[in-house]
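What follows is the content of final-v4.txt (compact mmCIF, C-alpha atoms and all ligand atoms).
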# COMPACT_ATOMS: atom_id res chain seq x y z
CA MET L 1 29.42 -85.76 -6.32
CA LYS L 2 26.01 -84.13 -6.32
CA SER L 3 24.76 -81.92 -9.12
CA ILE L 4 22.70 -78.90 -8.17
CA LEU L 5 20.73 -76.59 -10.44
CA VAL L 6 20.63 -73.04 -9.06
CA THR L 7 18.00 -70.72 -10.53
CA GLY L 8 18.80 -67.02 -10.16
CA GLY L 9 22.40 -67.95 -9.35
CA CYS L 10 23.85 -64.67 -10.68
CA GLY L 11 21.90 -62.61 -8.14
CA PHE L 12 22.88 -61.43 -4.69
CA ILE L 13 22.02 -64.47 -2.54
CA GLY L 14 22.36 -66.93 -5.42
CA SER L 15 25.97 -65.97 -6.20
CA HIS L 16 27.03 -66.39 -2.56
CA THR L 17 25.28 -69.75 -2.39
CA VAL L 18 26.84 -70.96 -5.65
CA LEU L 19 30.24 -70.13 -4.15
CA ALA L 20 29.44 -72.07 -0.96
CA LEU L 21 28.18 -75.04 -3.03
CA LEU L 22 31.32 -75.10 -5.19
CA GLN L 23 33.52 -74.87 -2.11
CA ALA L 24 31.60 -77.76 -0.55
CA GLY L 25 32.34 -79.93 -3.60
CA PHE L 26 29.03 -79.81 -5.48
CA ASN L 27 28.73 -79.57 -9.26
CA VAL L 28 26.68 -76.48 -10.00
CA CYS L 29 24.66 -75.41 -13.01
CA VAL L 30 23.20 -71.90 -12.97
CA ILE L 31 20.27 -70.55 -14.92
CA ASP L 32 19.42 -66.86 -14.84
CA ASN L 33 17.74 -64.49 -17.30
CA LEU L 34 20.10 -61.71 -16.08
CA TYR L 35 17.12 -59.38 -15.57
CA ASN L 36 18.51 -58.17 -12.25
CA SER L 37 22.13 -59.32 -12.40
CA SER L 38 25.10 -59.83 -14.66
CA TYR L 39 27.29 -62.77 -15.59
CA GLU L 40 30.21 -60.91 -14.01
CA SER L 41 29.10 -62.16 -10.57
CA LEU L 42 29.40 -65.77 -11.68
CA LYS L 43 32.79 -65.12 -13.28
CA ARG L 44 34.01 -63.84 -9.92
CA VAL L 45 32.44 -66.75 -8.04
CA GLN L 46 34.28 -69.22 -10.28
CA LYS L 47 37.53 -67.36 -9.75
CA LEU L 48 37.09 -67.37 -5.96
CA ALA L 49 36.21 -71.07 -5.95
CA GLY L 50 38.86 -72.06 -8.52
CA LYS L 51 36.12 -74.15 -10.13
CA LYS L 52 33.76 -73.84 -13.09
CA THR L 53 29.99 -73.77 -13.15
CA ASP L 54 27.78 -74.42 -16.10
CA PHE L 55 25.68 -71.36 -17.05
CA HIS L 56 22.58 -70.99 -19.23
CA GLN L 57 20.77 -67.73 -19.82
CA ILE L 58 17.23 -69.04 -19.50
CA ASP L 59 14.03 -67.41 -18.34
CA LEU L 60 11.98 -69.72 -16.13
CA ARG L 61 8.93 -68.82 -18.18
CA ASP L 62 10.54 -70.44 -21.24
CA LYS L 63 9.48 -74.01 -20.60
CA GLU L 64 10.96 -75.45 -23.80
CA LYS L 65 14.45 -74.21 -22.94
CA LEU L 66 14.09 -75.42 -19.36
CA LYS L 67 12.99 -78.82 -20.56
CA SER L 68 15.86 -79.19 -22.96
CA LEU L 69 18.29 -78.32 -20.15
CA PHE L 70 16.78 -81.05 -17.97
CA ASP L 71 16.92 -83.46 -20.95
CA GLN L 72 20.65 -82.82 -21.34
CA SER L 73 21.69 -82.84 -17.68
CA ARG L 74 20.93 -84.82 -14.57
CA PHE L 75 20.32 -82.80 -11.38
CA ASP L 76 19.96 -84.15 -7.86
CA ALA L 77 18.28 -81.02 -6.49
CA VAL L 78 17.25 -77.49 -7.39
CA VAL L 79 17.94 -74.39 -5.30
CA HIS L 80 15.37 -71.89 -6.54
CA PHE L 81 16.26 -68.21 -6.07
CA ALA L 82 15.01 -66.79 -9.38
CA GLY L 83 12.32 -64.23 -8.81
CA LEU L 84 11.53 -60.55 -8.70
CA LYS L 85 11.72 -59.01 -5.24
CA ALA L 86 10.91 -55.28 -5.23
CA VAL L 87 7.82 -54.59 -3.12
CA GLY L 88 7.04 -51.19 -4.73
CA GLU L 89 7.42 -52.54 -8.26
CA SER L 90 5.14 -55.46 -7.36
CA MET L 91 2.39 -52.99 -6.41
CA GLU L 92 2.77 -51.18 -9.73
CA LYS L 93 3.13 -54.30 -11.86
CA PRO L 94 1.39 -57.16 -10.05
CA LEU L 95 0.91 -59.24 -13.21
CA LEU L 96 4.65 -59.17 -13.87
CA TYR L 97 5.24 -60.53 -10.36
CA TYR L 98 2.59 -63.26 -10.60
CA SER L 99 3.82 -64.24 -14.04
CA ASN L 100 7.52 -64.20 -13.24
CA ASN L 101 7.46 -65.67 -9.76
CA VAL L 102 4.42 -67.95 -9.73
CA TYR L 103 4.20 -69.02 -13.37
CA GLY L 104 8.01 -69.35 -13.49
CA THR L 105 7.91 -71.69 -10.49
CA ILE L 106 5.05 -73.73 -11.96
CA ASN L 107 7.11 -74.28 -15.11
CA LEU L 108 10.14 -75.23 -13.05
CA CYS L 109 8.18 -77.78 -11.01
CA GLU L 110 6.54 -79.29 -14.09
CA VAL L 111 9.88 -79.74 -15.78
CA MET L 112 11.45 -81.11 -12.58
CA LYS L 113 8.63 -83.62 -12.26
CA GLY L 114 9.00 -84.69 -15.88
CA ALA L 115 12.70 -85.29 -15.28
CA GLY L 116 12.17 -87.12 -11.97
CA VAL L 117 13.87 -84.41 -9.89
CA PHE L 118 11.94 -83.85 -6.66
CA ASP L 119 14.29 -82.02 -4.27
CA ILE L 120 13.80 -78.26 -4.11
CA VAL L 121 14.99 -75.52 -1.78
CA PHE L 122 12.84 -72.42 -2.21
CA SER L 123 13.70 -68.79 -1.33
CA SER L 124 10.75 -67.63 0.69
CA SER L 125 10.78 -64.55 2.85
CA ALA L 126 9.78 -63.11 6.20
CA THR L 127 7.36 -61.07 4.13
CA VAL L 128 4.95 -64.06 4.32
CA TYR L 129 4.26 -63.00 7.94
CA GLY L 130 2.84 -59.68 6.68
CA ASN L 131 2.63 -57.31 9.62
CA PRO L 132 3.62 -59.80 12.31
CA GLU L 133 1.61 -60.01 15.53
CA ARG L 134 4.77 -60.26 17.63
CA SER L 135 8.53 -60.88 17.46
CA PRO L 136 10.42 -63.14 17.66
CA ILE L 137 8.47 -64.74 14.84
CA SER L 138 8.29 -68.52 14.81
CA GLU L 139 7.36 -70.54 11.75
CA ASP L 140 3.86 -71.26 13.04
CA GLN L 141 2.86 -67.61 13.33
CA ARG L 142 -0.11 -66.45 11.23
CA LEU L 143 0.72 -65.88 7.56
CA GLY L 144 -0.62 -63.07 5.40
CA ALA L 145 0.92 -61.02 2.66
CA VAL L 146 0.53 -57.25 2.46
CA ASN L 147 1.69 -56.74 -1.14
CA PRO L 148 1.81 -58.70 -4.43
CA TYR L 149 5.46 -59.70 -3.92
CA GLY L 150 4.55 -61.28 -0.58
CA GLN L 151 1.50 -62.90 -2.18
CA THR L 152 3.71 -64.62 -4.75
CA LYS L 153 5.86 -66.09 -1.95
CA LEU L 154 2.77 -67.30 -0.08
CA ILE L 155 1.22 -68.81 -3.21
CA ILE L 156 4.44 -70.62 -4.11
CA GLU L 157 4.78 -71.96 -0.54
CA GLU L 158 1.18 -73.25 -0.71
CA MET L 159 1.74 -74.71 -4.15
CA LEU L 160 4.82 -76.60 -2.96
CA ARG L 161 2.89 -77.87 0.06
CA ASP L 162 0.08 -79.11 -2.23
CA LEU L 163 2.63 -80.75 -4.49
CA HIS L 164 4.12 -82.63 -1.57
CA ARG L 165 0.65 -83.70 -0.38
CA SER L 166 -0.16 -85.00 -3.86
CA ASP L 167 3.12 -86.87 -4.20
CA PRO L 168 5.39 -87.37 -1.16
CA GLN L 169 8.35 -87.88 -3.47
CA TRP L 170 8.62 -84.10 -3.43
CA ASN L 171 11.26 -83.02 -0.94
CA THR L 172 10.95 -79.39 -0.15
CA ALA L 173 12.64 -76.82 2.06
CA LEU L 174 10.90 -73.46 2.36
CA LEU L 175 13.48 -71.00 3.69
CA ARG L 176 12.10 -67.74 5.00
CA TYR L 177 14.91 -65.21 4.91
CA PHE L 178 14.85 -62.18 7.15
CA ASN L 179 17.00 -59.21 5.97
CA PRO L 180 19.98 -60.45 3.94
CA VAL L 181 22.91 -58.00 3.89
CA GLY L 182 26.70 -57.93 3.72
CA ALA L 183 28.93 -59.50 1.11
CA HIS L 184 31.53 -62.23 0.75
CA LYS L 185 34.57 -61.36 2.84
CA SER L 186 36.77 -61.06 -0.27
CA GLY L 187 34.77 -58.02 -1.44
CA GLU L 188 34.61 -59.62 -4.90
CA ILE L 189 30.86 -60.36 -4.84
CA GLY L 190 28.06 -58.44 -3.15
CA GLU L 191 24.73 -56.71 -3.58
CA ASP L 192 24.39 -54.62 -6.74
CA PRO L 193 20.87 -53.21 -6.88
CA ASN L 194 19.57 -51.54 -10.04
CA GLY L 195 18.91 -47.82 -9.59
CA ILE L 196 18.34 -46.29 -6.17
CA PRO L 197 18.25 -49.00 -3.51
CA ASN L 198 15.02 -49.59 -1.57
CA ASN L 199 16.70 -51.46 1.26
CA LEU L 200 18.53 -49.89 4.15
CA MET L 201 22.00 -51.47 3.97
CA PRO L 202 22.71 -50.90 0.24
CA PHE L 203 21.37 -47.35 0.65
CA VAL L 204 23.73 -46.69 3.57
CA SER L 205 26.66 -48.21 1.61
CA GLN L 206 25.96 -45.96 -1.36
CA VAL L 207 25.79 -42.89 0.87
CA ALA L 208 29.12 -43.93 2.42
CA VAL L 209 30.78 -44.30 -0.96
CA GLY L 210 29.42 -40.91 -2.11
CA LYS L 211 26.96 -42.18 -4.74
CA LEU L 212 23.99 -40.87 -2.72
CA ASP L 213 23.92 -37.73 -0.60
CA GLU L 214 21.89 -38.58 2.43
CA LEU L 215 19.84 -41.35 4.02
CA LYS L 216 16.22 -40.83 5.01
CA VAL L 217 15.36 -42.62 8.23
CA PHE L 218 11.74 -43.67 7.83
CA GLY L 219 10.21 -42.78 11.18
CA ASN L 220 11.66 -42.24 14.66
CA ASP L 221 8.38 -42.55 16.53
CA TYR L 222 8.05 -46.33 16.64
CA PRO L 223 7.72 -48.01 20.03
CA THR L 224 11.35 -49.22 19.93
CA ARG L 225 14.47 -48.38 21.99
CA ASP L 226 15.41 -45.37 19.82
CA GLY L 227 12.16 -44.89 17.91
CA THR L 228 13.40 -46.38 14.62
CA GLY L 229 12.33 -49.69 13.06
CA ILE L 230 13.88 -52.98 14.13
CA ARG L 231 14.86 -55.71 11.65
CA ASP L 232 16.78 -58.96 11.75
CA TYR L 233 19.79 -58.41 9.46
CA ILE L 234 21.53 -61.59 8.41
CA HIS L 235 24.89 -61.97 6.66
CA VAL L 236 24.47 -63.35 3.15
CA SER L 237 27.27 -65.89 3.72
CA ASP L 238 25.40 -67.29 6.75
CA LEU L 239 22.32 -67.49 4.57
CA ALA L 240 24.29 -69.33 1.87
CA ASN L 241 25.33 -71.93 4.45
CA GLY L 242 21.68 -72.39 5.41
CA HIS L 243 21.04 -73.70 1.88
CA LEU L 244 23.78 -76.30 2.21
CA LYS L 245 22.25 -77.46 5.49
CA ALA L 246 18.80 -77.60 3.89
CA LEU L 247 20.07 -79.75 1.01
CA LYS L 248 21.69 -82.10 3.52
CA LYS L 249 18.47 -82.31 5.48
CA LEU L 250 16.44 -83.17 2.36
CA ALA L 251 18.91 -85.88 1.40
CA GLU L 252 18.96 -87.48 4.84
CA ASN L 253 15.44 -86.88 6.05
CA PRO L 254 12.97 -86.39 3.20
CA GLY L 255 9.76 -84.41 3.56
CA ILE L 256 8.64 -80.82 3.52
CA VAL L 257 10.18 -78.39 5.99
CA THR L 258 9.95 -74.66 6.69
CA TYR L 259 12.63 -72.62 8.44
CA ASN L 260 13.19 -69.03 9.38
CA LEU L 261 16.72 -67.92 8.58
CA GLY L 262 17.60 -64.96 10.74
CA THR L 263 19.92 -64.16 13.63
CA GLY L 264 17.15 -63.85 16.21
CA LYS L 265 18.47 -60.37 17.06
CA GLY L 266 16.98 -57.11 15.92
CA ALA L 267 18.85 -53.89 15.16
CA THR L 268 17.31 -50.43 14.82
CA VAL L 269 17.98 -48.21 11.82
CA LEU L 270 20.16 -45.93 13.96
CA GLU L 271 22.15 -48.91 15.25
CA VAL L 272 22.81 -49.98 11.65
CA ILE L 273 23.96 -46.47 10.74
CA HIS L 274 26.33 -46.33 13.71
CA ALA L 275 27.70 -49.83 13.09
CA PHE L 276 28.33 -48.87 9.46
CA GLU L 277 30.09 -45.65 10.49
CA GLN L 278 32.36 -47.65 12.80
CA ALA L 279 33.13 -50.24 10.12
CA SER L 280 33.79 -47.74 7.33
CA ASN L 281 35.12 -44.80 9.28
CA VAL L 282 32.80 -42.65 7.16
CA LYS L 283 30.09 -40.38 8.55
CA ILE L 284 26.63 -41.20 7.19
CA PRO L 285 24.51 -38.06 6.82
CA TYR L 286 20.87 -38.80 7.54
CA LYS L 287 17.63 -37.04 8.29
CA ILE L 288 14.46 -38.22 9.94
CA ALA L 289 11.59 -38.62 7.45
CA PRO L 290 7.99 -39.81 7.82
CA ARG L 291 7.30 -43.51 8.28
CA ARG L 292 7.29 -45.60 5.10
CA PRO L 293 3.74 -46.85 4.53
CA GLY L 294 3.31 -50.54 5.31
CA ASP L 295 6.46 -50.84 7.47
CA ALA L 296 6.21 -52.88 10.67
CA ALA L 297 7.86 -51.48 13.80
CA VAL L 298 9.66 -54.65 14.82
CA THR L 299 10.47 -57.84 12.92
CA TYR L 300 12.95 -60.46 14.00
CA ALA L 301 13.15 -64.21 13.76
CA ASP L 302 12.90 -67.07 16.12
CA SER L 303 15.44 -69.30 14.38
CA ALA L 304 15.47 -72.03 17.02
CA LYS L 305 13.88 -74.55 14.65
CA ALA L 306 16.64 -74.18 12.04
CA GLU L 307 19.24 -74.50 14.77
CA LYS L 308 17.65 -77.63 16.21
CA GLU L 309 16.75 -79.42 13.00
CA LEU L 310 19.38 -78.19 10.55
CA GLY L 311 22.24 -77.55 12.94
CA TRP L 312 22.40 -74.07 11.39
CA LYS L 313 22.98 -70.83 13.22
CA ALA L 314 23.97 -67.39 11.97
CA GLU L 315 27.57 -66.73 12.99
CA ARG L 316 28.34 -63.23 11.75
CA ASP L 317 27.35 -60.16 13.74
CA LEU L 318 26.21 -56.70 12.60
CA GLU L 319 29.78 -55.38 12.73
CA THR L 320 30.92 -58.09 10.29
CA MET L 321 27.91 -57.46 8.03
CA CYS L 322 28.78 -53.75 7.83
CA ARG L 323 32.52 -54.39 7.38
CA ASP L 324 31.91 -56.82 4.51
CA ALA L 325 29.26 -54.60 2.89
CA TRP L 326 31.72 -51.70 3.02
CA ASN L 327 34.60 -53.80 1.69
CA TRP L 328 32.46 -54.76 -1.34
CA GLN L 329 31.06 -51.25 -1.89
CA SER L 330 34.38 -49.43 -1.55
CA LYS L 331 36.14 -51.88 -3.90
CA ASN L 332 33.22 -51.76 -6.36
CA PRO L 333 31.63 -48.31 -6.15
CA GLN L 334 29.64 -48.97 -9.35
CA GLY L 335 28.86 -52.58 -8.41
CA TYR L 336 29.78 -55.13 -11.09
CA ASP L 337 30.25 -52.30 -13.61
CA SER L 338 33.21 -50.99 -11.60
P1 LIG X 401 18.41 -60.90 -6.98
O1 LIG X 401 17.48 -60.08 -7.79
O2 LIG X 401 19.78 -60.40 -6.75
O3 LIG X 401 18.49 -62.38 -7.60
C1 LIG X 401 17.43 -62.99 -8.27
C2 LIG X 401 17.96 -63.51 -9.60
O4 LIG X 401 16.91 -64.16 -10.32
C3 LIG X 401 18.49 -62.39 -10.50
O5 LIG X 401 19.78 -62.73 -10.96
C4 LIG X 401 17.49 -62.34 -11.66
O6 LIG X 401 18.08 -61.93 -12.85
C5 LIG X 401 16.98 -63.77 -11.67
N1 LIG X 401 15.63 -63.94 -12.24
C6 LIG X 401 14.51 -63.26 -11.89
N2 LIG X 401 13.47 -63.72 -12.60
C7 LIG X 401 13.92 -64.73 -13.38
C8 LIG X 401 13.33 -65.60 -14.33
N3 LIG X 401 12.03 -65.51 -14.65
N4 LIG X 401 14.10 -66.52 -14.95
C9 LIG X 401 15.41 -66.61 -14.65
N5 LIG X 401 16.03 -65.81 -13.77
C10 LIG X 401 15.30 -64.88 -13.14
O7 LIG X 401 17.68 -61.20 -5.60
P2 LIG X 401 18.25 -61.86 -4.26
O8 LIG X 401 18.30 -60.81 -3.22
O9 LIG X 401 19.45 -62.67 -4.55
O10 LIG X 401 17.00 -62.79 -3.91
C11 LIG X 401 16.98 -64.16 -4.27
C12 LIG X 401 15.67 -64.76 -3.84
O11 LIG X 401 15.51 -64.58 -2.44
C13 LIG X 401 14.44 -64.10 -4.49
O12 LIG X 401 13.49 -65.11 -4.76
C14 LIG X 401 13.93 -63.17 -3.42
O13 LIG X 401 12.55 -62.95 -3.53
C15 LIG X 401 14.27 -63.95 -2.16
N6 LIG X 401 14.43 -63.07 -0.97
C16 LIG X 401 15.29 -62.02 -1.02
C17 LIG X 401 15.40 -61.17 0.08
C18 LIG X 401 16.31 -59.97 0.03
O14 LIG X 401 16.09 -59.03 0.82
N7 LIG X 401 17.34 -59.93 -0.80
C19 LIG X 401 14.66 -61.43 1.24
C20 LIG X 401 13.82 -62.54 1.26
C21 LIG X 401 13.71 -63.36 0.14
N1 LIG X 402 14.74 -47.79 6.09
C1 LIG X 402 15.04 -46.45 6.24
N2 LIG X 402 15.51 -45.77 5.15
C2 LIG X 402 15.70 -46.35 3.95
C3 LIG X 402 15.40 -47.73 3.80
C4 LIG X 402 14.91 -48.41 4.90
O1 LIG X 402 14.88 -45.88 7.32
O2 LIG X 402 16.12 -45.68 2.98
C5 LIG X 402 14.26 -48.55 7.26
C6 LIG X 402 12.90 -49.20 7.07
O3 LIG X 402 11.87 -48.30 7.44
C7 LIG X 402 13.00 -50.43 7.99
C8 LIG X 402 14.48 -50.79 7.94
O4 LIG X 402 15.16 -49.61 7.47
O5 LIG X 402 12.70 -50.05 9.34
C9 LIG X 402 14.78 -51.94 6.97
O6 LIG X 402 14.21 -51.63 5.71
P1 LIG X 402 14.46 -52.56 4.43
O7 LIG X 402 13.71 -51.95 3.29
O8 LIG X 402 15.92 -52.78 4.26
O9 LIG X 402 13.84 -53.97 4.88
P2 LIG X 402 12.31 -54.38 5.14
O10 LIG X 402 11.58 -53.19 5.67
O11 LIG X 402 11.80 -54.85 3.85
O12 LIG X 402 12.40 -55.47 6.16

Give the structure from the file, written as structure tokens.
Ligand code: NAD
Ligand code: UDP
Amino acid sequence: MKSILVTGGCGFIGSHTVLALLQAGFNVCVIDNLYNSSYESLKRVQKLAGKKTDFHQIDLRDKEKLKSLFDQSRFDAVVHFAGLKAVGESMEKPLLYYSNNVYGTINLCEVMKGAGVFDIVFSSSATVYGNPERSPISEDQRLGAVNPYGQTKLIIEEMLRDLHRSDPQWNTALLRYFNPVGAHKSGEIGEDPNGIPNNLMPFVSQVAVGKLDELKVFGNDYPTRDGTGIRDYIHVSDLANGHLKALKKLAENPGIVTYNLGTGKGATVLEVIHAFEQASNVKIPYKIAPRRPGDAAVTYADSAKAEKELGWKAERDLETMCRDAWNWQSKNPQGYDS
């Protein structure tokens, strides 16, 4: 049985992936500093899986603690989610983002190397394409970040590429997620953002549940079918499965690989609102507001490479994403504090 270390495993995508790993028979150890999550998510994951995980509250920047964990335990691979992800905050506090995301990953890689662990799956993001030239976006499209958060993802990708060049023992999967949404179908785990959500789907869910009054639709004058922005929303459980496929790929066919994880289909903001209304049977009040600075009109993935090389394809549609997001939100109106 393989042993996987999951960094950031109490967070939104991490918790769903830990569940998928446990259900697939892996031994899982989670580290998280709980900056943007709570241990409650992992408690629920263990209950759903009927299996235990090991948990250590460790900050990736604390190299001594990381090292002593690797001294005590043997891992076959690391799935590395831990990082800060708020674009606006990264513009206000760039040093925090470089320190947490880049320095944290340097520490992790140094400790992995010292322990002879060379398999890593890294959470990258479609943000590395900046304002994309065209959609669908394939992995070879021009890269360029437009904010410090995106820069940290680009730097880490480059660093992992350099590491592999310097020592081909490193086995690396760079997974570029598009817009992760939804929740596990049980409604026991889901997205629990701190404060007012920045992203569309959690904002819509919180309007539906009555925590927020009204959604602002950022721009209806884009060159799209209804004037609102198009994104590639992907169900978090599909994303979790992508990590299992990536681990399999690294074990069978070592090297460094990069994949887009998206559905290949774009939905407009108004389409998301309407799908959510259908799924929840709740009217979502919204008003049209100015464009959000920096937003691209259209972003969606070409995920053909992941399908061909990983045998992975997103299975859940927008209706399922909205239904599962609503199931989680309505069962847990205050998130994990409910
Ligand atoms: P999240 O905030 O829910 O999870 C990240 C977890 O990492 C949190 O539990 C947090 O407490 C932990 N963490 C952060 N810094 C840490 C540190 N220094 N040491 C230990 N733990 C630390 O975010 P998520 O949505 O689950 O995202 C997971 C990863 O995927 C992140 O790297 C994020 O940048 C990336 N990503 C997310 C999205 C998205 O829209 N959710 C899109 C693309 C990429
Ligand atoms: N959006 C919106 N209102 C909100 C949040 C987002 O209209 O309160 C729009 C945003 O302009 C974009 C889409 O919803 O077109 C997805 O935004 P999100 O922040 O979720 O993802 P990202 O833009 O980072 O891909």

Do you know which residues are within 8 Å of ligand LIG 401 (chain X) using all atoms listed in the file? Can you write them as a ChimeraX atom specification? /L:7-15,31-38,57-61,80-85,100-101,104,122-127,149,153,176-181,191-193,199

May I have the residues from that selection written out with C-alpha atoms, as a short mmCIF file (atom, residue, chain, number, x, y, z; two decimals), in the frame of the given file?
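Produced file selection-v4.cif, reproduced below:
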data_model
loop_
_atom_site.label_atom_id
_atom_site.label_comp_id
_atom_site.auth_asym_id
_atom_site.auth_seq_id
_atom_site.Cartn_x
_atom_site.Cartn_y
_atom_site.Cartn_z
CA THR L 7 18.00 -70.72 -10.53
CA GLY L 8 18.80 -67.02 -10.16
CA GLY L 9 22.40 -67.95 -9.35
CA CYS L 10 23.85 -64.67 -10.68
CA GLY L 11 21.90 -62.61 -8.14
CA PHE L 12 22.88 -61.43 -4.69
CA ILE L 13 22.02 -64.47 -2.54
CA GLY L 14 22.36 -66.93 -5.42
CA SER L 15 25.97 -65.97 -6.20
CA ILE L 31 20.27 -70.55 -14.92
CA ASP L 32 19.42 -66.86 -14.84
CA ASN L 33 17.74 -64.49 -17.30
CA LEU L 34 20.10 -61.71 -16.08
CA TYR L 35 17.12 -59.38 -15.57
CA ASN L 36 18.51 -58.17 -12.25
CA SER L 37 22.13 -59.32 -12.40
CA SER L 38 25.10 -59.83 -14.66
CA GLN L 57 20.77 -67.73 -19.82
CA ILE L 58 17.23 -69.04 -19.50
CA ASP L 59 14.03 -67.41 -18.34
CA LEU L 60 11.98 -69.72 -16.13
CA ARG L 61 8.93 -68.82 -18.18
CA HIS L 80 15.37 -71.89 -6.54
CA PHE L 81 16.26 -68.21 -6.07
CA ALA L 82 15.01 -66.79 -9.38
CA GLY L 83 12.32 -64.23 -8.81
CA LEU L 84 11.53 -60.55 -8.70
CA LYS L 85 11.72 -59.01 -5.24
CA ASN L 100 7.52 -64.20 -13.24
CA ASN L 101 7.46 -65.67 -9.76
CA GLY L 104 8.01 -69.35 -13.49
CA PHE L 122 12.84 -72.42 -2.21
CA SER L 123 13.70 -68.79 -1.33
CA SER L 124 10.75 -67.63 0.69
CA SER L 125 10.78 -64.55 2.85
CA ALA L 126 9.78 -63.11 6.20
CA THR L 127 7.36 -61.07 4.13
CA TYR L 149 5.46 -59.70 -3.92
CA LYS L 153 5.86 -66.09 -1.95
CA ARG L 176 12.10 -67.74 5.00
CA TYR L 177 14.91 -65.21 4.91
CA PHE L 178 14.85 -62.18 7.15
CA ASN L 179 17.00 -59.21 5.97
CA PRO L 180 19.98 -60.45 3.94
CA VAL L 181 22.91 -58.00 3.89
CA GLU L 191 24.73 -56.71 -3.58
CA ASP L 192 24.39 -54.62 -6.74
CA PRO L 193 20.87 -53.21 -6.88
CA ASN L 199 16.70 -51.46 1.26
#

L:Ala115, L:Tyr97, L:Tyr103, L:Gly262 ranked by distance to Ala240 (chain L), top pick (using all atoms listed in the file): L:Gly262

List every protein, DNA or RNA residue that has an atom no more than 10 Å from (3.0, -47.8, 8.5) in the file's coordinate frame, counting all atoms listed in the file, and report them as a ChimeraX atom specification. /L:131,218-219,222,290-297

Considering all atoms listed in the file, return as an MDAnalysis selection string whatever protein or nucleic-acid residues lie within 10 Å of Leu318 (chain L), sequence-local ones (same chain, fewer than 5 positions apart) excluded. chainID L and resid 181:182 232:235 263 265:267 271:272 275:276 279 323:324

Given only C-alpha atoms as the counted atoms, nearest of L:Ile230, L:Lys283, L:Asp162, L:Pro148 to Val207 (chain L):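 Nearest candidate to Val207 (chain L) out of L:Ile230, L:Lys283, L:Asp162, L:Pro148: L:Lys283.
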